$ cat data_26.cif   # mmCIF, C-alpha atoms and all ligand atoms
data_upload
loop_
_atom_site.label_atom_id
_atom_site.label_comp_id
_atom_site.auth_asym_id
_atom_site.auth_seq_id
_atom_site.Cartn_x
_atom_site.Cartn_y
_atom_site.Cartn_z
CA MET W 1 -31.54 2.08 4.22
CA SER W 2 -27.85 1.61 4.92
CA LYS W 3 -25.63 0.75 2.00
CA THR W 4 -24.19 -2.79 1.93
CA TYR W 5 -20.73 -3.68 0.65
CA ASN W 6 -19.24 -7.11 0.06
CA ILE W 7 -15.70 -7.13 1.41
CA ALA W 8 -13.26 -9.95 0.62
CA VAL W 9 -10.90 -10.71 3.50
CA LEU W 10 -7.67 -12.64 2.89
CA LYS W 11 -5.91 -13.10 6.21
CA GLY W 12 -2.55 -14.12 4.79
CA ASP W 13 0.45 -15.68 6.54
CA GLY W 14 2.60 -15.04 9.62
CA ILE W 15 1.19 -12.02 11.48
CA GLY W 16 -1.47 -11.62 8.74
CA PRO W 17 -4.37 -13.26 10.62
CA GLU W 18 -3.72 -11.17 13.77
CA VAL W 19 -3.59 -7.82 12.01
CA THR W 20 -6.45 -8.64 9.63
CA ASP W 21 -8.73 -9.73 12.50
CA ALA W 22 -7.86 -6.43 14.20
CA ALA W 23 -8.89 -4.43 11.11
CA VAL W 24 -12.15 -6.39 10.76
CA LYS W 25 -12.95 -5.66 14.42
CA VAL W 26 -12.44 -1.94 13.77
CA LEU W 27 -14.55 -2.13 10.59
CA GLN W 28 -17.34 -3.84 12.52
CA ALA W 29 -17.37 -1.03 15.07
CA THR W 30 -17.26 1.55 12.26
CA GLN W 31 -20.19 0.12 10.30
CA ASP W 32 -22.45 0.48 13.32
CA ALA W 33 -21.26 4.04 14.00
CA ALA W 34 -21.43 5.13 10.34
CA GLY W 35 -24.65 3.37 9.33
CA ILE W 36 -23.19 1.15 6.62
CA LYS W 37 -23.28 -2.64 6.28
CA LEU W 38 -20.16 -4.65 5.51
CA ASN W 39 -20.56 -8.24 4.45
CA PHE W 40 -17.24 -10.05 5.02
CA LEU W 41 -16.38 -12.95 2.70
CA TYR W 42 -13.29 -14.89 3.75
CA GLY W 43 -10.99 -16.53 1.20
CA GLU W 44 -7.83 -18.60 1.29
CA ALA W 45 -4.61 -17.25 -0.19
CA GLY W 46 -0.94 -17.19 0.68
CA TYR W 47 1.97 -19.45 1.41
CA HIS W 48 -0.05 -21.76 3.67
CA CYS W 49 -2.26 -22.69 0.66
CA ILE W 50 0.57 -24.06 -1.47
CA ALA W 51 0.72 -27.50 0.20
CA LYS W 52 -3.08 -27.87 0.00
CA TYR W 53 -3.85 -26.38 -3.44
CA GLY W 54 -0.48 -26.27 -5.23
CA THR W 55 -0.90 -22.50 -5.50
CA ASN W 56 -0.96 -19.46 -3.21
CA MET W 57 -3.97 -18.04 -5.05
CA PRO W 58 -6.64 -20.73 -5.55
CA LYS W 59 -9.08 -20.08 -8.41
CA GLU W 60 -11.99 -20.27 -5.93
CA THR W 61 -10.49 -17.25 -4.15
CA ILE W 62 -10.19 -15.27 -7.39
CA ALA W 63 -13.84 -16.16 -8.18
CA MET W 64 -14.86 -14.97 -4.71
CA LEU W 65 -12.94 -11.69 -5.08
CA LYS W 66 -14.85 -11.02 -8.32
CA LYS W 67 -18.11 -11.00 -6.36
CA THR W 68 -16.92 -8.32 -3.93
CA ASP W 69 -16.59 -4.54 -3.95
CA ALA W 70 -13.08 -4.47 -2.47
CA CYS W 71 -10.51 -6.68 -0.78
CA LEU W 72 -8.78 -6.33 2.58
CA LYS W 73 -5.60 -8.37 2.36
CA GLY W 74 -3.23 -9.41 5.11
CA PRO W 75 0.48 -9.79 4.35
CA MET W 76 1.57 -13.06 2.77
CA THR W 77 4.86 -14.92 2.78
CA THR W 78 6.32 -15.16 -0.71
CA PRO W 79 8.32 -18.25 -1.71
CA GLU W 80 11.66 -17.23 -3.21
CA GLU W 81 12.76 -20.36 -5.09
CA PRO W 82 12.82 -20.02 -8.91
CA GLY W 83 9.65 -21.56 -10.37
CA ALA W 84 7.64 -21.08 -7.14
CA PRO W 85 4.21 -19.39 -7.40
CA VAL W 86 4.39 -15.64 -8.00
CA SER W 87 3.52 -13.41 -5.01
CA ALA W 88 -0.24 -13.54 -4.28
CA ALA W 89 -0.35 -9.72 -4.11
CA VAL W 90 1.23 -9.49 -7.58
CA GLN W 91 -1.33 -12.01 -8.93
CA ILE W 92 -4.26 -9.99 -7.56
CA ARG W 93 -2.78 -6.75 -8.92
CA LYS W 94 -2.40 -8.28 -12.38
CA THR W 95 -5.77 -10.12 -12.43
CA PHE W 96 -7.71 -6.98 -11.50
CA ASN W 97 -5.37 -4.55 -13.25
CA LEU W 98 -4.77 -2.62 -10.03
CA TYR W 99 -2.38 -0.22 -11.68
CA ALA W 100 -1.76 2.32 -8.91
CA ASN W 101 -0.23 1.39 -5.58
CA VAL W 102 -0.91 4.32 -3.29
CA ARG W 103 1.13 4.53 -0.09
CA PRO W 104 0.64 7.58 2.15
CA CYS W 105 3.27 8.42 4.76
CA ARG W 106 2.81 11.13 7.35
CA THR W 107 4.04 12.04 10.78
CA TYR W 108 1.76 10.97 13.62
CA PRO W 109 1.41 12.42 17.12
CA ASN W 110 3.77 10.86 19.69
CA VAL W 111 5.53 8.80 17.02
CA GLU W 112 9.19 9.50 16.59
CA ALA W 113 9.87 10.64 13.01
CA LEU W 114 12.75 12.38 11.24
CA LYS W 115 10.69 15.58 10.85
CA HIS W 116 7.42 16.70 12.45
CA ASP W 117 5.64 17.84 9.29
CA ILE W 118 5.95 15.01 6.76
CA ASP W 119 2.85 14.33 4.67
CA LEU W 120 3.55 12.58 1.38
CA VAL W 121 2.10 9.87 -0.82
CA VAL W 122 4.10 7.46 -2.97
CA VAL W 123 2.18 6.39 -6.09
CA ARG W 124 3.88 3.35 -7.53
CA GLU W 125 3.18 1.79 -10.93
CA ASN W 126 1.87 -1.60 -9.95
CA THR W 127 1.58 -3.87 -12.98
CA GLU W 128 4.91 -3.93 -14.83
CA GLY W 129 8.50 -2.66 -14.46
CA MET W 130 10.90 -4.88 -12.55
CA TYR W 131 7.92 -6.88 -11.23
CA SER W 132 6.95 -8.22 -14.66
CA GLY W 133 8.13 -11.61 -13.37
CA VAL W 134 9.93 -12.37 -16.63
CA GLU W 135 13.37 -13.78 -15.85
CA TYR W 136 15.70 -16.03 -17.84
CA GLU W 137 18.94 -17.83 -17.18
CA VAL W 138 20.65 -17.19 -20.50
CA SER W 139 23.61 -19.40 -19.61
CA PRO W 140 24.68 -21.00 -16.33
CA GLY W 141 25.31 -18.22 -13.82
CA VAL W 142 23.97 -15.46 -16.09
CA GLY W 143 20.41 -14.24 -15.45
CA VAL W 144 18.29 -11.57 -17.10
CA ALA W 145 15.16 -9.92 -15.67
CA MET W 146 12.82 -7.95 -17.92
CA ARG W 147 12.04 -4.41 -16.76
CA ILE W 148 8.99 -3.77 -18.92
CA ILE W 149 7.84 -0.15 -19.13
CA THR W 150 4.94 0.83 -21.40
CA ARG W 151 3.62 4.27 -22.28
CA GLU W 152 0.07 3.08 -21.60
CA ALA W 153 0.74 1.97 -18.01
CA SER W 154 2.92 5.03 -17.34
CA LEU W 155 0.20 7.41 -18.57
CA ARG W 156 -2.41 5.65 -16.43
CA VAL W 157 -0.45 5.86 -13.20
CA ALA W 158 0.69 9.42 -13.94
CA GLU W 159 -2.93 10.51 -14.42
CA TYR W 160 -3.86 8.97 -11.06
CA ALA W 161 -0.94 10.73 -9.35
CA PHE W 162 -1.74 14.14 -10.88
CA LYS W 163 -5.41 13.87 -9.83
CA LEU W 164 -4.27 13.02 -6.31
CA ALA W 165 -1.83 15.95 -6.28
CA GLU W 166 -4.68 18.26 -7.32
CA LYS W 167 -6.58 17.24 -4.17
CA ARG W 168 -3.48 17.82 -2.02
CA ARG W 169 -0.71 20.44 -2.09
CA LYS W 170 -0.49 20.39 -5.92
CA HIS W 171 3.12 19.28 -6.09
CA LEU W 172 4.25 16.17 -7.95
CA THR W 173 7.74 14.68 -8.12
CA TYR W 174 8.48 11.93 -10.61
CA VAL W 175 11.34 9.61 -9.74
CA HIS W 176 13.37 7.71 -12.32
CA LYS W 177 16.86 6.69 -13.38
CA GLY W 178 16.69 8.17 -16.86
CA ASN W 179 20.43 8.82 -17.01
CA ILE W 180 21.08 5.05 -17.03
CA LEU W 181 17.78 3.42 -18.04
CA ARG W 182 17.43 5.78 -20.99
CA LEU W 183 14.90 3.87 -23.01
CA THR W 184 12.58 2.48 -20.33
CA ASP W 185 12.67 5.49 -18.04
CA GLY W 186 12.59 7.72 -21.13
CA ILE W 187 9.13 6.25 -21.86
CA PHE W 188 8.06 6.82 -18.25
CA LYS W 189 9.38 10.40 -18.19
CA ASP W 190 7.67 11.30 -21.49
CA ALA W 191 4.36 9.89 -20.22
CA VAL W 192 4.55 11.99 -17.03
CA LYS W 193 5.43 15.13 -19.02
CA ALA W 194 2.52 14.52 -21.41
CA THR W 195 0.13 14.07 -18.46
CA ALA W 196 1.45 17.27 -16.84
CA GLN W 197 0.07 19.23 -19.83
CA ARG W 198 -3.46 18.36 -18.67
CA HIS W 199 -2.77 19.46 -15.08
CA PRO W 200 -1.19 22.92 -15.34
CA ASN W 201 -2.08 23.76 -11.71
CA VAL W 202 0.31 21.08 -10.41
CA THR W 203 3.97 22.02 -9.88
CA VAL W 204 6.16 19.26 -11.29
CA ASP W 205 9.76 18.32 -10.63
CA ASP W 206 11.82 15.19 -11.13
CA ILE W 207 14.69 13.48 -9.39
CA HIS W 208 16.84 10.38 -9.87
CA ILE W 209 16.03 7.44 -7.63
CA ASP W 210 19.35 7.53 -5.76
CA ALA W 211 18.96 11.24 -4.99
CA ALA W 212 15.31 10.65 -4.04
CA ALA W 213 16.36 8.03 -1.47
CA MET W 214 18.74 10.60 0.03
CA HIS W 215 16.28 13.53 -0.05
CA LEU W 216 13.66 11.41 1.64
CA ILE W 217 15.97 11.32 4.65
CA LYS W 218 17.31 14.87 4.36
CA LYS W 219 14.14 16.85 3.57
CA PRO W 220 11.10 14.54 3.53
CA GLU W 221 8.75 17.44 4.29
CA THR W 222 9.34 18.88 0.80
CA PHE W 223 7.56 15.99 -0.96
CA ASP W 224 3.82 15.89 -1.66
CA VAL W 225 3.00 13.24 -4.31
CA ILE W 226 5.80 11.03 -5.64
CA VAL W 227 5.09 8.96 -8.75
CA THR W 228 7.50 6.29 -9.91
CA THR W 229 7.95 2.87 -11.44
CA ASN W 230 7.31 -0.41 -9.62
CA LEU W 231 10.58 -1.35 -7.87
CA PHE W 232 11.62 2.23 -7.11
CA GLY W 233 8.18 2.85 -5.56
CA ASP W 234 8.35 -0.29 -3.45
CA VAL W 235 11.70 0.67 -1.96
CA LEU W 236 10.93 4.40 -1.54
CA SER W 237 7.61 3.73 0.21
CA ASP W 238 9.24 1.40 2.78
CA GLU W 239 11.89 4.06 3.35
CA ALA W 240 9.23 6.77 3.70
CA ALA W 241 7.34 4.58 6.20
CA GLN W 242 10.39 4.36 8.42
CA VAL W 243 11.17 8.07 8.04
CA THR W 244 7.72 8.80 9.45
CA GLY W 245 8.03 6.37 12.32
CA SER W 246 7.22 2.74 11.70
CA LEU W 247 6.33 0.18 9.07
CA GLY W 248 3.60 -0.73 11.58
CA LEU W 249 1.69 2.44 10.59
CA ALA W 250 2.04 2.30 6.80
CA ALA W 251 -0.96 1.26 4.70
CA GLY W 252 -1.33 0.84 0.97
CA ALA W 253 -4.13 0.85 -1.60
CA ASN W 254 -4.00 -0.99 -4.92
CA ILE W 255 -6.41 0.81 -7.21
CA GLY W 256 -7.74 -0.20 -10.62
CA GLY W 257 -10.59 0.95 -12.82
CA THR W 258 -13.21 -1.24 -11.13
CA TYR W 259 -11.66 -2.84 -8.05
CA GLY W 260 -9.42 -2.03 -5.11
CA MET W 261 -7.27 -4.13 -2.81
CA PHE W 262 -6.03 -2.73 0.51
CA GLU W 263 -3.16 -4.04 2.62
CA PRO W 264 -0.44 -3.02 5.05
CA VAL W 265 2.87 -2.09 3.42
CA HIS W 266 4.71 -4.50 5.71
CA GLY W 267 5.13 -8.22 5.12
CA SER W 268 4.21 -11.30 7.15
CA ALA W 269 7.01 -10.81 9.75
CA PRO W 270 7.09 -14.59 10.42
CA LYS W 271 9.22 -14.31 13.57
CA TYR W 272 6.35 -12.51 15.36
CA THR W 273 3.60 -14.94 14.32
CA GLY W 274 1.00 -15.50 17.04
CA MET W 275 2.88 -13.40 19.60
CA ASN W 276 0.18 -10.69 19.87
CA ARG W 277 3.03 -8.19 19.65
CA VAL W 278 2.96 -6.36 16.30
CA ASN W 279 1.22 -3.12 15.46
CA PRO W 280 -2.19 -3.66 13.80
CA THR W 281 -2.50 0.02 12.81
CA ALA W 282 -1.13 -0.38 9.26
CA THR W 283 -3.89 -2.86 8.42
CA ILE W 284 -6.49 -0.74 10.25
CA LEU W 285 -5.43 2.27 8.14
CA ALA W 286 -5.66 0.03 5.03
CA ALA W 287 -9.29 -0.57 6.05
CA GLN W 288 -9.72 3.20 6.32
CA MET W 289 -8.37 3.64 2.77
CA MET W 290 -10.81 0.95 1.61
CA LEU W 291 -13.82 2.83 3.01
CA ASP W 292 -12.52 6.01 1.40
CA TYR W 293 -12.24 4.18 -1.96
CA LEU W 294 -15.83 2.92 -1.55
CA GLY W 295 -16.94 6.54 -1.19
CA GLU W 296 -17.67 6.20 2.54
CA LYS W 297 -15.66 9.28 3.54
CA GLU W 298 -17.43 9.76 6.87
CA ALA W 299 -16.82 6.14 7.93
CA ALA W 300 -13.18 6.37 6.77
CA GLY W 301 -12.78 9.58 8.78
CA LYS W 302 -14.00 7.81 11.93
CA ILE W 303 -11.17 5.27 11.67
CA GLU W 304 -8.55 7.94 11.04
CA GLU W 305 -9.80 9.99 14.00
CA ALA W 306 -9.78 6.93 16.28
CA VAL W 307 -6.19 6.03 15.32
CA LEU W 308 -5.06 9.65 15.82
CA ALA W 309 -6.82 9.83 19.19
CA VAL W 310 -5.03 6.70 20.46
CA LEU W 311 -1.65 7.92 19.20
CA ARG W 312 -2.25 11.40 20.65
CA GLU W 313 -3.04 9.94 24.08
CA GLY W 314 0.13 7.85 23.83
CA LYS W 315 -0.98 5.43 26.55
CA VAL W 316 -1.42 2.36 24.37
CA ARG W 317 1.62 1.78 22.17
CA THR W 318 3.02 -1.37 20.58
CA ALA W 319 6.74 -2.22 20.74
CA ASP W 320 7.57 -0.63 17.37
CA LEU W 321 6.28 2.68 18.80
CA GLY W 322 8.37 2.32 21.93
CA GLY W 323 5.63 0.87 24.15
CA SER W 324 4.73 -2.56 25.46
CA SER W 325 1.05 -2.89 24.49
CA THR W 326 -0.14 -5.95 22.62
CA THR W 327 -1.81 -6.16 19.22
CA SER W 328 -5.19 -6.72 20.89
CA GLU W 329 -4.75 -3.84 23.34
CA MET W 330 -3.94 -1.47 20.47
CA THR W 331 -6.95 -2.77 18.50
CA ASP W 332 -9.33 -2.41 21.45
CA ALA W 333 -8.06 1.10 22.19
CA ILE W 334 -8.84 2.12 18.59
CA VAL W 335 -12.25 0.40 18.66
CA THR W 336 -13.28 2.32 21.79
CA LYS W 337 -12.47 5.61 20.03
CA ILE W 338 -14.78 4.92 17.07
CA ARG W 339 -17.80 7.14 17.43
P1 LIG W 401 8.36 -7.68 6.97
O1 LIG W 401 7.67 -6.39 6.67
O2 LIG W 401 7.49 -8.87 7.11
O3 LIG W 401 9.17 -7.55 8.32
C1 LIG W 401 10.32 -6.74 8.48
C2 LIG W 401 10.38 -6.22 9.91
O4 LIG W 401 9.49 -5.10 10.01
C3 LIG W 401 9.87 -7.19 10.95
O5 LIG W 401 10.85 -8.07 11.38
C4 LIG W 401 9.44 -6.25 12.04
O6 LIG W 401 10.54 -5.84 12.79
C5 LIG W 401 8.90 -5.05 11.29
N1 LIG W 401 7.42 -5.11 11.14
C6 LIG W 401 6.72 -5.57 10.08
N2 LIG W 401 5.42 -5.46 10.31
C7 LIG W 401 5.27 -4.91 11.54
C8 LIG W 401 4.15 -4.55 12.35
N3 LIG W 401 2.88 -4.70 11.92
N4 LIG W 401 4.38 -4.04 13.58
C9 LIG W 401 5.62 -3.87 14.02
N5 LIG W 401 6.73 -4.17 13.30
C10 LIG W 401 6.56 -4.70 12.08
O7 LIG W 401 9.44 -7.90 5.82
P2 LIG W 401 10.30 -9.18 5.40
O8 LIG W 401 10.84 -9.82 6.64
O9 LIG W 401 11.19 -8.69 4.35
O10 LIG W 401 9.27 -10.18 4.71
C11 LIG W 401 8.63 -11.28 5.33
C12 LIG W 401 7.73 -11.95 4.31
O11 LIG W 401 6.67 -11.06 3.93
C13 LIG W 401 8.47 -12.33 3.01
O12 LIG W 401 8.01 -13.59 2.58
C14 LIG W 401 8.01 -11.26 2.02
O13 LIG W 401 8.04 -11.71 0.70
C15 LIG W 401 6.62 -11.01 2.50
N6 LIG W 401 6.05 -9.69 2.12
C16 LIG W 401 4.75 -9.67 1.75
C17 LIG W 401 4.14 -8.47 1.44
C18 LIG W 401 2.69 -8.49 1.04
O14 LIG W 401 2.00 -9.48 1.26
N7 LIG W 401 2.18 -7.42 0.46
C19 LIG W 401 4.86 -7.27 1.53
C20 LIG W 401 6.20 -7.32 1.94
C21 LIG W 401 6.79 -8.55 2.24
#
$ encode --input "data_26.cif" --output "C-alpha cells"
Amino acid sequence: MSKTYNIAVLKGDGIGPEVTDAAVKVLQATQDAAGIKLNFLYGEAGYHCIAKYGTNMPKETIAMLKKTDACLKGPMTTPEEPGAPVSAAVQIRKTFNLYANVRPCRTYPNVEALKHDIDLVVVRENTEGMYSGVEYEVSPGVGVAMRIITREASLRVAEYAFKLAEKRRKHLTYVHKGNILRLTDGIFKDAVKATAQRHPNVTVDDIHIDAAAMHLIKKPETFDVIVTTNLFGDVLSDEAAQVTGSLGLAAGANIGGTYGMFEPVHGSAPKYTGMNRVNPTATILAAQMMLDYLGEKEAAGKIEEAVLAVLREGKVRTADLGGSSTTSEMTDAIVTKIR
C-alpha cells in the first residue's frame, strides 16, 4: 500500500499561483513514479486575503495547515505600512515553531555562476532576531526595533546545523557581528560553541557578517554549512542564490519539531504576475525538499534528477537563465524527465 500524505498548498500572490501550480504538477508526476499518494489541500493566505478577511493568514487556513503533514507555500506580497498584518511566512514560522530556515545553494549545469563548485547551505534562525516584529516609535522620528536573541533558540538552530554538517562535508561556519552586537551575538556565539562540543567531528570557524558577505563572492566554494541569525541569514542566502546563478533556482525549507513549510527563496515578483515568464524551478526544488523532509528520499531524488537533466540539456531555459522558455515549458520539461 502506498503511503498517503496530506499536503497544504498556499499559492500566494503575484507569481505565486504560477510557480505553485508548476510544483504541484511535478509532484503529481512524482507520486505516480514513486508510488506515494499526495492529498493536496488548498488554503487561502497572502496579501489578496486582506480585503476579504482583514488578515493575510485566516484562522481557517491555520486550522487546515494543522491537519496536514507539510505545507508547500508560494511567495506572498508583504504589506509594508506600520500596523499592517505581519508577513504570512513569519506567522506560519511562529505558529508552528519552524525554527530552522534551510536554504541550499549550489552550482547547476549550464547555469552561469561565480564558481563551478559551490555547494553550501545557509541555516538561518527563523523565529526571533531582527524579525521579532517588535518595533516602537519612542518619540517622533525615533524608532527602535528589538533584536531578540535567546540561548534556547540559538542552541536549537545550531544543533540542526551541526547535524546537517555531519551529513555533508563536516564544516560549519557561524556568522555574527559579535564585535558590535556584543550581548546578543555573544549569546548566539556561546550557544554555537556549546553545541560544537557535542559534534567534535565537525570543523568549526566563524566570521563577521560583513566579511561573510564579501567571502561569499570571493571564495564561495569554501563554505559548507553556514549558521546565523535571522536577518543575516535572509540576506546571505539571497546573495548565495545569486552567486550560484539565479534566485529562480533557490528553494528553502522551514523546519520545526513536528511540521515543515517549503517555499522558494524569492518573493512574489509582482511585475511578472501572469506573464508565464518566471522560473518555476525554485518552487519545484522546494517540493523536492518537502518530500525529503517527509522521508521520501527516492521520490525527492526523482525531482532533483529531473531538474538536473533539464538544466544539463540546456534546451529549455527561462529568461533568468538566459533563455526564452516560459514557466509552463520549463515545468513540462521537468515533468517529462520524472521517471
Ligand atoms: P522578489 O524576489 O519578488 O523579486 C526580485 C526580482 O527577482 C524580480 O524582479 C525578478 O527579477 C527576480 N525573480 C524573483 N523570482 C524569480 C523567478 N521565479 N524567476 C526569475 N526571476 C525571479 O523580491 P521583491 O521584489 O523584493 O519582493 C516582492 C514581494 O515579495 C514583496 O512584497 C516581499 O515582501 C515579498 N517577499 C515574500 C517572500 C515570501 O513569501 N517568502 C520572500 C521574499 C519577498
$ residues_near_ligand --input "data_26.cif" --ligand "ligand LIG 401 (chain W)" --cutoff "6 Å" --atoms "all atoms listed in the file" --output "PyMOL selection string"
chain W and resi 75-78+89+247-248+265-269+278-280+320
$ atom_distance --input "data_26.cif" --atom1 "atom CA of W:Arg169" --atom2 "atom CA of W:Val310"
26.8 Å
$ residues_around --input "data_26.cif" --residues "stretch 145-158 of chain W" --least-positions-apart "3" --cutoff "6 Å" --atoms "all atoms listed in the file" --output "list in words"
Ala100, Glu125, Glu128, Gly129, Met130, Val134, Glu135, Ala161, Thr184, Ile187, Phe188, Ala191 and Val192 of chain W
$ residues_around --input "data_26.cif" --residues "W:Arg317" --least-positions-apart "6" --cutoff "9 Å" --atoms "all atoms listed in the file" --output "PyMOL selection string"
chain W and resi 279+310-311+323-326+329-330
$ closest_residue --input "data_26.cif" --among "W:Lys177, W:Lys193, W:Arg339, W:Lys94" --to "W:Ala309" --atoms "only C-alpha atoms"
W:Arg339
$ closest_residue --input "data_26.cif" --among "W:Tyr5, W:Phe232, W:Tyr53, W:Phe96" --to "W:Ile36" --atoms "only C-alpha atoms"
W:Tyr5
$ residues_around --input "data_26.cif" --residues "stretch 251-262 of chain W" --least-positions-apart "4" --cutoff "8 Å" --atoms "all atoms listed in the file" --output "PyMOL selection string"
chain W and resi 69-73+93+96-104+126+282-283+285-287+289-290+293
$ atom_distance --input "data_26.cif" --atom1 "atom CA of W:Met57" --atom2 "atom CA of W:Gly16"
15.4 Å
$ residues_around --input "data_26.cif" --residues "W:Pro270" --least-positions-apart "4" --cutoff "8 Å" --atoms "all atoms listed in the file" --output "compact mmCIF listing (two decimals) with C-alpha atoms, in the frame of the given file"
# COMPACT_ATOMS: atom_id res chain seq x y z
CA ASP W 13 0.45 -15.68 6.54
CA GLY W 14 2.60 -15.04 9.62
CA ILE W 15 1.19 -12.02 11.48
CA THR W 77 4.86 -14.92 2.78
$ closest_residue --input "data_26.cif" --among "W:His199, W:Arg182, W:Lys219, W:Lys66" --to "W:Lys167" --atoms "only C-alpha atoms"
W:His199
$ residues_near_point --input "data_26.cif" --point "(-18.4, -8.5, 8.1)" --cutoff "8 Å" --atoms "all atoms listed in the file" --output "MDAnalysis selection string"
chainID W and resid 7 24 27:28 37:41
$ closest_residue --input "data_26.cif" --among "W:Thr281, W:Ala319, W:Ala240, W:Leu172" --to "W:Ala333" --atoms "all atoms listed in the file"
W:Thr281
$ residues_around --input "data_26.cif" --residues "W:His116" --least-positions-apart "2" --cutoff "9 Å" --atoms "only C-alpha atoms" --output "list in words"
Arg106, Thr107, Tyr108, Pro109, Glu112, Ala113, Leu114, Ile118, Glu221 and Thr244 of chain W
$ write_last_selection --input "data_26.cif" --atoms "C-alpha atoms" --output "PDB file, keeping the file's coordinate frame"
ATOM      1  CA  ARG W 106       2.810  11.130   7.350  1.00  0.00           C
ATOM      2  CA  THR W 107       4.040  12.040  10.780  1.00  0.00           C
ATOM      3  CA  TYR W 108       1.760  10.970  13.620  1.00  0.00           C
ATOM      4  CA  PRO W 109       1.410  12.420  17.120  1.00  0.00           C
ATOM      5  CA  GLU W 112       9.190   9.500  16.590  1.00  0.00           C
ATOM      6  CA  ALA W 113       9.870  10.640  13.010  1.00  0.00           C
ATOM      7  CA  LEU W 114      12.750  12.380  11.240  1.00  0.00           C
ATOM      8  CA  ILE W 118       5.950  15.010   6.760  1.00  0.00           C
ATOM      9  CA  GLU W 221       8.750  17.440   4.290  1.00  0.00           C
ATOM     10  CA  THR W 244       7.720   8.800   9.450  1.00  0.00           C
TER      11      THR W 244
END
$ atom_distance --input "data_26.cif" --atom1 "atom CA of W:Asn276" --atom2 "atom CA of W:Ala8"
23.5 Å
$ closest_residue --input "data_26.cif" --among "W:Leu65, W:Val111, W:Leu231, W:Val175" --to "W:Ser132" --atoms "all atoms listed in the file"
W:Leu231
$ closest_residue --input "data_26.cif" --among "W:Leu181, W:Val19, W:Leu10, W:Ala300" --to "W:Met275" --atoms "all atoms listed in the file"
W:Val19
$ axis_aligned_box --input "data_26.cif" --around "stretch 315-326 of chain W" --padding-each-side "4 Å" --output "AutoDock Vina command-line options"
--center_x 3.5 --center_y -0.3 --center_z 22.0 --size_x 17.8 --size_y 19.4 --size_z 17.2
$ decode --input "data_26.cif" --residues "stretch 5-17 of chain W" --atoms "N, CA and C atoms" --output "mmCIF file, in the first residue's frame"
data_model
loop_
_atom_site.group_PDB
_atom_site.id
_atom_site.type_symbol
_atom_site.label_atom_id
_atom_site.label_comp_id
_atom_site.auth_asym_id
_atom_site.auth_seq_id
_atom_site.Cartn_x
_atom_site.Cartn_y
_atom_site.Cartn_z
ATOM 1 N N TYR W 5 0.148 11.225 2.071
ATOM 2 C CA TYR W 5 0.486 12.433 2.826
ATOM 3 C C TYR W 5 -0.513 13.532 2.503
ATOM 4 N N ASN W 6 -0.907 14.278 3.524
ATOM 5 C CA ASN W 6 -1.741 15.463 3.301
ATOM 6 C C ASN W 6 -0.816 16.662 3.157
ATOM 7 N N ILE W 7 -0.916 17.320 2.017
ATOM 8 C CA ILE W 7 -0.034 18.463 1.719
ATOM 9 C C ILE W 7 -0.878 19.732 1.608
ATOM 10 N N ALA W 8 -0.572 20.711 2.450
ATOM 11 C CA ALA W 8 -1.243 22.014 2.330
ATOM 12 C C ALA W 8 -0.573 22.797 1.212
ATOM 13 N N VAL W 9 -1.384 23.430 0.376
ATOM 14 C CA VAL W 9 -0.819 24.265 -0.697
ATOM 15 C C VAL W 9 -1.377 25.678 -0.552
ATOM 16 N N LEU W 10 -0.474 26.646 -0.377
ATOM 17 C CA LEU W 10 -0.868 28.061 -0.311
ATOM 18 C C LEU W 10 -0.226 28.714 -1.537
ATOM 19 N N LYS W 11 -1.050 29.148 -2.470
ATOM 20 C CA LYS W 11 -0.488 29.616 -3.744
ATOM 21 C C LYS W 11 0.177 30.982 -3.655
ATOM 22 N N GLY W 12 -0.318 31.825 -2.739
ATOM 23 C CA GLY W 12 0.336 33.119 -2.554
ATOM 24 C C GLY W 12 -0.089 34.183 -3.544
ATOM 25 N N ASP W 13 0.749 35.189 -3.690
ATOM 26 C CA ASP W 13 0.419 36.381 -4.507
ATOM 27 C C ASP W 13 1.372 36.494 -5.699
ATOM 28 N N GLY W 14 1.054 37.437 -6.592
ATOM 29 C CA GLY W 14 1.953 37.739 -7.717
ATOM 30 C C GLY W 14 2.198 36.491 -8.563
ATOM 31 N N ILE W 15 3.469 36.105 -8.683
ATOM 32 C CA ILE W 15 3.812 34.909 -9.473
ATOM 33 C C ILE W 15 3.557 33.620 -8.695
ATOM 34 N N GLY W 16 3.121 33.742 -7.424
ATOM 35 C CA GLY W 16 2.924 32.570 -6.559
ATOM 36 C C GLY W 16 2.070 31.481 -7.188
ATOM 37 N N PRO W 17 0.839 31.817 -7.668
ATOM 38 C CA PRO W 17 -0.003 30.763 -8.242
ATOM 39 C C PRO W 17 0.668 30.027 -9.409
#
